[in-house]
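Structure, as structure tokens:
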Number of protein chains: 2
Amino acid sequence: MVLDDLLTPALVIDEGRMTRNIDRMRRRVADLGVSFRPHVKTSKSLEVSRRLMTTPRGPITVSTLKEAEQFFAAGVTDILYAVGIAPAKLSHVADLGARGCDLAVILDSVEAAREVSAFCAAQGCKIPVLIEIDSDDHRGGVKPDGPALLAVGAALDGKAALRGVMTHAGASYACRSTEAITDMAEQERAAVVGAAGRLREAGFGATVVSVGSTPTATFARTLPGVTEVRAGVFVFQDLVMAGLGVCAIDDIALSVLVSVIGHQREKGWILTDGGWMAVSRDRGTARQREDRGYGLVLDADGHLLDGFVMADANQEHGIVSRAGNQPIDWARFPVGALLRILPNHACATAAQHAAYHVVNGSREILARWERFGGW
Amino acid sequence: MVLDDLLTPALVIDEGRMTRNIDRMRRRVADLGVSFRPHVKTSKSLEVSRRLMTTPRGPITVSTLKEAEQFFAAGVTDILYAVGIAPAKLSHVADLGARGCDLAVILDSVEAAREVSAFCAAQGCKIPVLIEIDSDDHRGGVKPDGPALLAVGAALDGKAALRGVMTHAGASYACRSTEAITDMAEQERAAVVGAAGRLREAGFGATVVSVGSTPTATFARTLPGVTEVRAGVFVFQDLVMAGLGVCAIDDIALSVLVSVIGHQREKGWILTDGGWMAVSRDRGTARQREDRGYGLVLDADGHLLDGFVMADANQEHGIVSRAGNQPIDWARFPVGALLRILPNHACATAAQHAAYHVVNGSREILARWERFGGW
């Protein structure tokens with residue numbers, strides 16, 4: 001099987017690039033002297049995630065209980081569910097725990113802490129909990145130096161198993177330089193180490209001190225006091241990461257295979273059968289210095305087509321054009337020709353597909369790896 | 001079962017609203033005196049689409065061969081695949097035809113026409129074809145008055161079954177008034193009727209004259225010469241359609257049920273477990289007069305929460321806030337509270353989910369309808 005045998009659109013992984021990305025992040029985390037809890041939300045694939053994990057039992061990070069279920073069914077037992085727990089999900093969490101999954105949840109309010117402690121008391125279980133710390137004002141978490149931190153610890157009331165603290169410096173995605181990301185990594189580290197210290201001083205358990213984002217993991221200088229790093233998108237990388245300087249465009253391991261279905265020559269458009277359903281509506285590079293539209297364009301063999309961009313998308317149509325109205329050699333793009341689109345955001349693009357087709361620097365398909373979606 | 005029994009995020013249809021939307025479009029198309037070929041790409045659901053179709057055998061429009069397969073398996077035989085055909089898909093098309101599916105394809109170039117005629121000649125089949133007409137410069141198609149139209153007809157060479165012409169006035173989505181949409185509907189009609197006339201004069205068959213988009217179908221005054229109308233998103237409607245004046249916000253039948261997972265009170269943020277994975281990255285209203293963020297917000301019973309908007313999204317996190325920094329009654333939004341998000345674009349939001357949960361003006365769940373994805 002080669003890529004030419006697939007019906008388009010289809011999702012492609014370049015395994016060589018992926019392996020380099022994984023090796024690089026593993027070395028980084030090892031150099032930082034912390035343990036690695038890769039986030040599996042990017043790939044939602046057992047095959048990919050096995051290549052990330054340090055042992056077959058984990059640790060991993062998940063973004064949904066569906067991921068926790070799927071990975072637990074595959075033998076992974078050390079799991080952090082890194083989205084603030086909704087009380088209605090506690091039964092599902094406790095059920096996984098009762099079946100042998102060491103599944104920790106996160107929360108960032110006295111309200112949620114009371115829900116969890118009341119649930120644990122009523123059910124006679126002890127759900128592991130990390131308190132989410134707000135290190136960068138971008139989403140959730142309690143302030144590392146505010147009164148809520150200790151109040152949340154107290155509200156857990158010894159009923160749940162308070163393990164420590166975690167944060168995600170999502171603001172690193174908006175940094176304008178690698179120096180700024182290094183500073184953000186230190187801000188992320190300091191927030192969570194400070195919070196853990198306050199919890200310990202107050203007599204709470206806080207052995208886990210967890211940070212993570214692909215940008216901060218890539219550019220952190222040192223991480224004293226941190227016990228583990230989480231990161232996810234590094235496995236495939238994408239144009240947003242390239243725009244941040246986290247990777248080179250040649251490191252991007254994920255692409256969407258599409259077919260040329262028509263031309264609008266006077267407009268300089270190549271029409272394809274890969275629209276936003278295939279690449280997602282994510283336009284993360286629109287906020288960066290270089291806007292990559294819906295993606296950059298490779299030929300079927302994986303070589304970058306200089307200056308070409310997927311400029312627009314309908315549900316099942318893509319429009320590829322050339323920046324600056326440079327002339328197009330139309331003979332290179334007959335109806336039926338295959339192109340590959342590099343995504344803005346690997347997590348979003350991969351989520352539009354049910355499987356990966358694995359190549360390694362050529363059109364030959366080495367494997368098909370399933371992925372799952374949903375909650 | 002009530003909505004409170006679901007694990008969030010989850011996709012919800014209000015059946016009463018959907019039925020009103022369907023009835024309104026059916027009446028419109030009947031008043032216009034043309035036949036109705038609803039587009040099933042919005043729902044990708046047999047249950048929803050059965051309510052759209054004029055007979056159990058169709059006609060319908062699809063955007064993927066997966067849709068054609070699924071609906072054919074359910075007894076639908078009159079299908080238009082309304083994305084320019086990629087040559088590699090012709091075997092699949094011919095296979096469906098051989099099994100009894102009257103599946104028509106579209107194309108807009110001499111190149112593609114030659115591929116189809118060569119395929120038909122080689123395989124001894126006669127694939128039905130519509131020529132795609134460019135009525136609004138927004139995507140594909142041949143100009144109705146240009147030389148390509150007759151050249152494409154000639155290139156089909158009698159080997160494929162030329163049935164007629166079709167167009168989609170996608171530019172109607174960018175219209176600034178309902179009058180402009182009415183004008184666009186006339187432009188769409190005139191293009192395709194003119195093209196059909198030229199084909200007939202030149203001795204080609206052109207019995208099918210197909211137009212369609214929800215905005216133009218809603219505001220077309222008359223459609224002389226047109227034989228059928230296609231439309232899809234009307235079934236659920238969405239905030240982009242409301243922004244165009246095509247529907248009221250109260251007509252939107254699709255929403256995403258989410259749970260409150262935290263608060264950032266000093267920022268005026270309610271955090272939920274519904275991020276872009278649940279509502280999609282579609283920000284269609286960003287280009288309209290009123291930008292609705294990632295969506296407007298209902299309570300669990302379906303009542304609009306005045307001034308609230310889903311302002312931002314991460315993969316599994318939503319941020320709901322109130323426009324203009326109006327004060328928030330936090331007691332209404334405890335951790336665990338349910339909210340429903342009205343989508344920018346129903347096609348994109350529905351595509352993020354595997355099933356619909358059907359209610360009718362209350363929290364009671366009347367049915368669960370599966371949907372499919374992929375290609």
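Residues are referred to by chain and number: the chain letter is A, B, ... according to the order shown in the structure tokens, the number counts from 1 in that chain, and ligands are numbered separately from 1 in the order shown.
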Do you have, as a tab-separated table, the list of residues of chain B lying at most 7 Å from chain A, each with its nearest atom pair and that distance in Å to one decimal, counting only C-alpha atoms and ordered by chain then number?
residue	atom	partner	partner_atom	distance
B:Leu7	CA	A:Lys89	CA	6.8
B:Ser63	CA	A:Glu316	CA	6.7
B:Gly84	CA	A:Ile261	CA	5.6
B:Ile85	CA	A:Ile261	CA	6.3
B:Ala86	CA	A:Ile261	CA	5.4
B:Pro87	CA	A:Gly336	CA	5.7
B:Ala88	CA	A:Leu7	CA	7.0
B:Lys89	CA	A:Leu7	CA	6.8
B:Asp108	CA	A:Gly262	CA	6.8
B:Ser109	CA	A:Gly262	CA	6.7
B:Glu111	CA	A:Val335	CA	6.7
B:Ala112	CA	A:Val335	CA	6.3
B:Gly140	CA	A:Gln264	CA	6.8
B:Ser259	CA	A:Ala86	CA	6.6
B:Ile261	CA	A:Ala86	CA	5.4
B:Gly262	CA	A:Ser109	CA	6.7
B:Gln264	CA	A:Gly140	CA	6.8
B:Arg281	CA	A:Arg281	CA	5.0
B:Asp282	CA	A:Arg281	CA	5.5
B:Glu316	CA	A:Ser63	CA	6.7
B:Val335	CA	A:Ala112	CA	6.3
B:Gly336	CA	A:Ala86	CA	5.5
B:His353	CA	A:Gly374	CA	6.4
B:Ala354	CA	A:Gly374	CA	6.9
B:Gly374	CA	A:His353	CA	6.4
Please save N, CA, C and O atoms of the selected residues as a short mmCIF file (atom, residue, chain, number, x, y, z; two decimals), in the first residue's frame.
data_model
loop_
_atom_site.label_atom_id
_atom_site.label_comp_id
_atom_site.auth_asym_id
_atom_site.auth_seq_id
_atom_site.Cartn_x
_atom_site.Cartn_y
_atom_site.Cartn_z
N LEU B 7 -23.29 12.56 30.79
CA LEU B 7 -21.96 13.09 31.08
C LEU B 7 -21.64 14.13 30.02
O LEU B 7 -21.89 13.92 28.83
N SER B 63 -21.97 15.12 0.97
CA SER B 63 -20.67 15.78 0.79
C SER B 63 -19.52 14.79 0.82
O SER B 63 -18.38 15.18 0.62
N GLY B 84 -16.62 18.15 -6.13
CA GLY B 84 -15.96 17.76 -7.37
C GLY B 84 -15.29 16.40 -7.24
O GLY B 84 -14.52 16.16 -6.32
N ILE B 85 -15.55 15.53 -8.19
CA ILE B 85 -15.10 14.15 -8.08
C ILE B 85 -13.58 14.05 -8.27
O ILE B 85 -13.02 14.62 -9.20
N ALA B 86 -12.93 13.32 -7.38
CA ALA B 86 -11.52 12.97 -7.56
C ALA B 86 -11.48 11.65 -8.31
O ALA B 86 -12.23 10.73 -7.98
N PRO B 87 -10.64 11.54 -9.34
CA PRO B 87 -10.66 10.34 -10.19
C PRO B 87 -10.53 9.04 -9.39
O PRO B 87 -11.17 8.04 -9.73
N ALA B 88 -9.75 9.05 -8.32
CA ALA B 88 -9.56 7.82 -7.55
C ALA B 88 -10.84 7.33 -6.89
O ALA B 88 -10.91 6.19 -6.44
N LYS B 89 -11.85 8.19 -6.83
CA LYS B 89 -13.11 7.79 -6.18
C LYS B 89 -14.12 7.19 -7.17
O LYS B 89 -15.19 6.75 -6.76
N ASP B 108 -15.97 20.20 -12.87
CA ASP B 108 -15.94 21.56 -13.43
C ASP B 108 -14.74 21.80 -14.33
O ASP B 108 -14.29 22.93 -14.46
N SER B 109 -14.22 20.72 -14.94
CA SER B 109 -13.07 20.92 -15.83
C SER B 109 -13.06 19.87 -16.93
O SER B 109 -13.58 18.77 -16.76
N GLU B 111 -10.45 18.41 -17.83
CA GLU B 111 -9.57 17.37 -17.27
C GLU B 111 -10.39 16.31 -16.52
O GLU B 111 -10.23 15.10 -16.76
N ALA B 112 -11.23 16.77 -15.60
CA ALA B 112 -12.03 15.82 -14.82
C ALA B 112 -13.03 15.11 -15.71
O ALA B 112 -13.29 13.91 -15.55
N GLY B 140 -15.61 26.64 -6.63
CA GLY B 140 -15.37 25.98 -7.91
C GLY B 140 -16.41 26.32 -8.95
O GLY B 140 -17.26 27.20 -8.77
N SER B 259 -20.87 21.35 31.55
CA SER B 259 -20.95 21.53 33.01
C SER B 259 -20.01 22.63 33.45
O SER B 259 -18.87 22.73 32.95
N ILE B 261 -17.22 23.88 35.69
CA ILE B 261 -16.18 23.20 36.47
C ILE B 261 -15.39 24.16 37.35
O ILE B 261 -14.57 23.72 38.16
N GLY B 262 -15.59 25.47 37.19
CA GLY B 262 -14.86 26.41 38.04
C GLY B 262 -15.21 27.84 37.69
O GLY B 262 -16.01 28.10 36.77
N GLN B 264 -13.46 32.02 37.64
CA GLN B 264 -12.40 32.99 37.89
C GLN B 264 -13.15 34.31 38.07
O GLN B 264 -13.35 35.07 37.11
N ARG B 281 -13.91 24.54 16.35
CA ARG B 281 -13.15 25.77 16.29
C ARG B 281 -13.83 26.81 15.40
O ARG B 281 -13.24 27.86 15.12
N ASP B 282 -15.04 26.52 14.93
CA ASP B 282 -15.68 27.42 13.97
C ASP B 282 -16.05 28.73 14.65
O ASP B 282 -16.76 28.76 15.64
N GLU B 316 -10.58 21.09 25.96
CA GLU B 316 -11.69 20.57 26.77
C GLU B 316 -12.15 21.59 27.82
O GLU B 316 -12.76 21.21 28.82
N VAL B 335 -20.49 25.04 40.63
CA VAL B 335 -19.77 23.92 40.02
C VAL B 335 -20.76 22.77 39.83
O VAL B 335 -21.50 22.42 40.76
N GLY B 336 -20.80 22.23 38.63
CA GLY B 336 -21.73 21.16 38.32
C GLY B 336 -22.98 21.63 37.59
O GLY B 336 -23.71 20.81 37.01
N HIS B 353 -19.27 15.22 17.44
CA HIS B 353 -19.98 14.29 18.33
C HIS B 353 -20.42 13.03 17.60
O HIS B 353 -20.60 13.04 16.38
N ALA B 354 -20.67 11.97 18.38
CA ALA B 354 -21.09 10.69 17.82
C ALA B 354 -22.60 10.48 17.89
O ALA B 354 -23.11 9.54 17.29
N GLY B 374 -16.31 10.81 9.14
CA GLY B 374 -15.31 10.18 8.29
C GLY B 374 -15.68 10.22 6.82
O GLY B 374 -16.67 10.83 6.42
#
Per DSSP on the backbone, what are the strand (DSSP E) residues of region 188-335 of chain B, as an MDAnalysis selection string? chainID B and resid 208:211 228:229 254:264 269:272 296:299 304:313 318:322
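Proximity to Ser210 (chain A) at 7 Å, evaluated using only C-alpha atoms and with sequence-adjacent residues fewer than 4 positions away removed, yields Val165, Met166, Thr167, Val226, Thr227, Glu228 and Val229 of chain A.
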Residues near Gly146 (chain B), anyone? I mean within 12 Å using only C-alpha atoms, not counting same-chain ones fewer than 3 positions away, as a count of residues only. 15
Please report, as a ChimeraX atom specification, each residue of region 15-76 of chain B to which DSSP assigns alpha helix (DSSP H) when run on this structure's backbone. /B:15-32,46-52,65-73
Could you write those residues out with N, CA, C and O atoms, as a short mmCIF file (atom, residue, chain, number, x, y, z; two decimals), in the first residue's frame?
data_model
loop_
_atom_site.label_atom_id
_atom_site.label_comp_id
_atom_site.auth_asym_id
_atom_site.auth_seq_id
_atom_site.Cartn_x
_atom_site.Cartn_y
_atom_site.Cartn_z
N GLU B 15 -36.20 19.01 19.38
CA GLU B 15 -36.95 18.47 18.24
C GLU B 15 -38.03 19.42 17.75
O GLU B 15 -38.30 19.51 16.55
N GLY B 16 -38.66 20.16 18.67
CA GLY B 16 -39.70 21.10 18.25
C GLY B 16 -39.14 22.17 17.33
O GLY B 16 -39.72 22.48 16.28
N ARG B 17 -37.99 22.70 17.72
CA ARG B 17 -37.35 23.72 16.87
C ARG B 17 -36.95 23.12 15.52
O ARG B 17 -37.14 23.74 14.47
N MET B 18 -36.37 21.93 15.56
CA MET B 18 -35.95 21.29 14.32
C MET B 18 -37.14 21.08 13.40
O MET B 18 -37.07 21.37 12.19
N THR B 19 -38.24 20.60 13.94
CA THR B 19 -39.43 20.34 13.12
C THR B 19 -39.95 21.63 12.50
O THR B 19 -40.32 21.66 11.32
N ARG B 20 -39.95 22.70 13.28
CA ARG B 20 -40.37 23.99 12.71
C ARG B 20 -39.44 24.41 11.57
O ARG B 20 -39.89 24.91 10.53
N ASN B 21 -38.14 24.23 11.76
CA ASN B 21 -37.19 24.60 10.71
C ASN B 21 -37.43 23.80 9.44
O ASN B 21 -37.37 24.33 8.32
N ILE B 22 -37.69 22.50 9.62
CA ILE B 22 -37.93 21.64 8.46
C ILE B 22 -39.23 22.04 7.76
O ILE B 22 -39.27 22.20 6.53
N ASP B 23 -40.28 22.24 8.54
CA ASP B 23 -41.57 22.61 7.94
C ASP B 23 -41.45 23.92 7.16
O ASP B 23 -42.01 24.05 6.06
N ARG B 24 -40.74 24.87 7.73
CA ARG B 24 -40.60 26.17 7.07
C ARG B 24 -39.87 26.02 5.73
O ARG B 24 -40.29 26.59 4.72
N MET B 25 -38.79 25.23 5.72
CA MET B 25 -38.06 25.07 4.45
C MET B 25 -38.86 24.27 3.43
O MET B 25 -38.86 24.60 2.24
N ARG B 26 -39.58 23.27 3.89
CA ARG B 26 -40.44 22.50 2.96
C ARG B 26 -41.47 23.42 2.30
O ARG B 26 -41.72 23.33 1.10
N ARG B 27 -42.10 24.27 3.11
CA ARG B 27 -43.10 25.20 2.57
C ARG B 27 -42.46 26.14 1.56
O ARG B 27 -43.01 26.42 0.51
N ARG B 28 -41.29 26.66 1.91
CA ARG B 28 -40.56 27.56 1.02
C ARG B 28 -40.33 26.90 -0.33
O ARG B 28 -40.62 27.46 -1.39
N VAL B 29 -39.77 25.70 -0.30
CA VAL B 29 -39.42 25.03 -1.55
C VAL B 29 -40.69 24.70 -2.34
O VAL B 29 -40.73 24.85 -3.56
N ALA B 30 -41.75 24.28 -1.62
CA ALA B 30 -43.02 24.00 -2.30
C ALA B 30 -43.56 25.28 -2.95
O ALA B 30 -44.01 25.27 -4.09
N ASP B 31 -43.49 26.40 -2.20
CA ASP B 31 -43.96 27.67 -2.75
C ASP B 31 -43.17 28.07 -4.00
O ASP B 31 -43.69 28.72 -4.90
N LEU B 32 -41.90 27.71 -4.00
CA LEU B 32 -41.05 28.05 -5.15
C LEU B 32 -41.31 27.11 -6.33
O LEU B 32 -40.82 27.36 -7.44
N LEU B 46 -29.35 9.29 10.11
CA LEU B 46 -30.52 8.74 9.40
C LEU B 46 -31.81 9.28 10.01
O LEU B 46 -32.75 9.62 9.28
N GLU B 47 -31.85 9.36 11.34
CA GLU B 47 -33.08 9.81 12.00
C GLU B 47 -33.43 11.24 11.60
O GLU B 47 -34.58 11.54 11.29
N VAL B 48 -32.44 12.11 11.62
CA VAL B 48 -32.70 13.50 11.22
C VAL B 48 -33.06 13.55 9.74
O VAL B 48 -34.05 14.19 9.34
N SER B 49 -32.30 12.87 8.92
CA SER B 49 -32.47 13.01 7.48
C SER B 49 -33.79 12.44 7.00
O SER B 49 -34.38 12.94 6.04
N ARG B 50 -34.28 11.38 7.66
CA ARG B 50 -35.60 10.85 7.30
C ARG B 50 -36.67 11.92 7.42
O ARG B 50 -37.66 11.90 6.69
N ARG B 51 -36.49 12.82 8.37
CA ARG B 51 -37.48 13.88 8.57
C ARG B 51 -37.37 14.97 7.50
O ARG B 51 -38.26 15.81 7.35
N LEU B 52 -36.24 15.00 6.79
CA LEU B 52 -36.03 15.99 5.73
C LEU B 52 -36.52 15.52 4.38
O LEU B 52 -36.93 16.31 3.54
N LEU B 65 -18.51 10.29 0.12
CA LEU B 65 -18.98 8.97 -0.30
C LEU B 65 -19.39 8.13 0.91
O LEU B 65 -20.21 7.22 0.79
N LYS B 66 -18.84 8.44 2.07
CA LYS B 66 -19.28 7.76 3.30
C LYS B 66 -20.76 8.03 3.53
O LYS B 66 -21.52 7.11 3.86
N GLU B 67 -21.17 9.29 3.36
CA GLU B 67 -22.60 9.61 3.49
C GLU B 67 -23.41 8.83 2.45
O GLU B 67 -24.47 8.28 2.77
N ALA B 68 -22.92 8.80 1.21
CA ALA B 68 -23.64 8.05 0.17
C ALA B 68 -23.79 6.59 0.58
O ALA B 68 -24.89 6.02 0.49
N GLU B 69 -22.73 5.98 1.06
CA GLU B 69 -22.77 4.58 1.49
C GLU B 69 -23.78 4.37 2.61
O GLU B 69 -24.60 3.45 2.58
N GLN B 70 -23.70 5.23 3.62
CA GLN B 70 -24.56 5.06 4.79
C GLN B 70 -26.03 5.23 4.43
O GLN B 70 -26.88 4.46 4.87
N PHE B 71 -26.33 6.22 3.62
CA PHE B 71 -27.72 6.47 3.28
C PHE B 71 -28.23 5.44 2.27
O PHE B 71 -29.39 5.03 2.33
N PHE B 72 -27.36 5.01 1.38
CA PHE B 72 -27.76 3.94 0.46
C PHE B 72 -28.08 2.66 1.24
O PHE B 72 -29.08 1.98 0.97
N ALA B 73 -27.26 2.36 2.23
CA ALA B 73 -27.51 1.18 3.07
C ALA B 73 -28.86 1.28 3.77
O ALA B 73 -29.47 0.26 4.11
#
Any idea what's packed within 7 Å of Pro38 (chain A), counting only C-alpha atoms, ignoring anything in its chain fewer than 6 positions away? Could you give it as a PyMOL selection string? chain A and resi 52-53+60-61+230-232
Export C-alpha atoms of the chosen residues as a tab-separated table (two decimals), in the first residue's frame?
chain	number	residue	atom	x	y	z
A	52	LEU	CA	5.62	8.17	24.46
A	53	MET	CA	5.23	6.37	27.75
A	60	ILE	CA	0.04	9.58	31.23
A	61	THR	CA	-2.15	12.66	31.22
A	230	ARG	CA	3.37	16.99	31.04
A	231	ALA	CA	3.38	17.75	27.30
A	232	GLY	CA	1.37	16.51	24.36
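Minimum atom-to-atom distance to Ser172 (chain A), evaluated using only C-alpha atoms, belongs to A:Phe219 out of A:Phe36, A:Trp369, A:Phe204, A:Phe219.
For Leu103 (chain A), the residues within 8 Å (counting only C-alpha atoms, excluding itself and residues fewer than 6 positions away along the chain) are Ala68, Thr77, Asp78, Ile79, Leu80, Tyr81, Val93, Leu96, Gly97, Ile127 and Pro128 of chain A.
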Would you put the residues from that selection into a file with N, CA and C atoms, as a PDB file, in the first residue's frame?
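File produced: selection.pdb:
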ATOM      1  N   ALA A  68      -9.162   8.037  29.593  1.00  0.00           N
ATOM      2  CA  ALA A  68      -8.794   7.236  30.766  1.00  0.00           C
ATOM      3  C   ALA A  68      -9.287   5.802  30.600  1.00  0.00           C
ATOM      4  N   THR A  77      -2.196   2.353  34.049  1.00  0.00           N
ATOM      5  CA  THR A  77      -2.855   2.502  35.355  1.00  0.00           C
ATOM      6  C   THR A  77      -2.547   3.822  36.046  1.00  0.00           C
ATOM      7  N   ASP A  78      -1.527   4.549  35.596  1.00  0.00           N
ATOM      8  CA  ASP A  78      -1.138   5.800  36.270  1.00  0.00           C
ATOM      9  C   ASP A  78      -1.583   6.978  35.401  1.00  0.00           C
ATOM     10  N   ILE A  79      -2.727   7.554  35.750  1.00  0.00           N
ATOM     11  CA  ILE A  79      -3.384   8.513  34.857  1.00  0.00           C
ATOM     12  C   ILE A  79      -3.790   9.771  35.623  1.00  0.00           C
ATOM     13  N   LEU A  80      -3.485  10.920  35.041  1.00  0.00           N
ATOM     14  CA  LEU A  80      -3.972  12.209  35.559  1.00  0.00           C
ATOM     15  C   LEU A  80      -5.005  12.761  34.576  1.00  0.00           C
ATOM     16  N   TYR A  81      -6.208  13.000  35.087  1.00  0.00           N
ATOM     17  CA  TYR A  81      -7.273  13.612  34.269  1.00  0.00           C
ATOM     18  C   TYR A  81      -7.186  15.118  34.504  1.00  0.00           C
ATOM     19  N   VAL A  93     -15.117   8.189  37.801  1.00  0.00           N
ATOM     20  CA  VAL A  93     -13.744   8.214  38.319  1.00  0.00           C
ATOM     21  C   VAL A  93     -13.571   7.138  39.397  1.00  0.00           C
ATOM     22  N   LEU A  96     -13.423   3.632  37.933  1.00  0.00           N
ATOM     23  CA  LEU A  96     -12.094   3.319  37.395  1.00  0.00           C
ATOM     24  C   LEU A  96     -11.130   3.018  38.534  1.00  0.00           C
ATOM     25  N   GLY A  97     -11.225   3.788  39.598  1.00  0.00           N
ATOM     26  CA  GLY A  97     -10.352   3.549  40.752  1.00  0.00           C
ATOM     27  C   GLY A  97     -10.587   2.176  41.358  1.00  0.00           C
ATOM     28  N   ILE A 127     -10.395   9.434  46.400  1.00  0.00           N
ATOM     29  CA  ILE A 127      -9.962   9.827  45.057  1.00  0.00           C
ATOM     30  C   ILE A 127      -8.718  10.711  45.152  1.00  0.00           C
ATOM     31  N   PRO A 128      -7.671  10.380  44.379  1.00  0.00           N
ATOM     32  CA  PRO A 128      -6.470  11.229  44.369  1.00  0.00           C
ATOM     33  C   PRO A 128      -6.765  12.573  43.694  1.00  0.00           C
TER      34      PRO A 128
END
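Between CA of Gly302 (chain B) and CA of Val246 (chain B) the interatomic distance comes to 20.3 Å.
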Quick one: residues within 8 Å of Ser177 (chain B), only C-alpha atoms counted, chain neighbours fewer than 2 positions away excluded, as a PyMOL selection string? chain B and resi 175+179-181+244-245
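Put simply, CA of Asp145 (chain A) is 10.8 Å away from CA of Ala190 (chain A).
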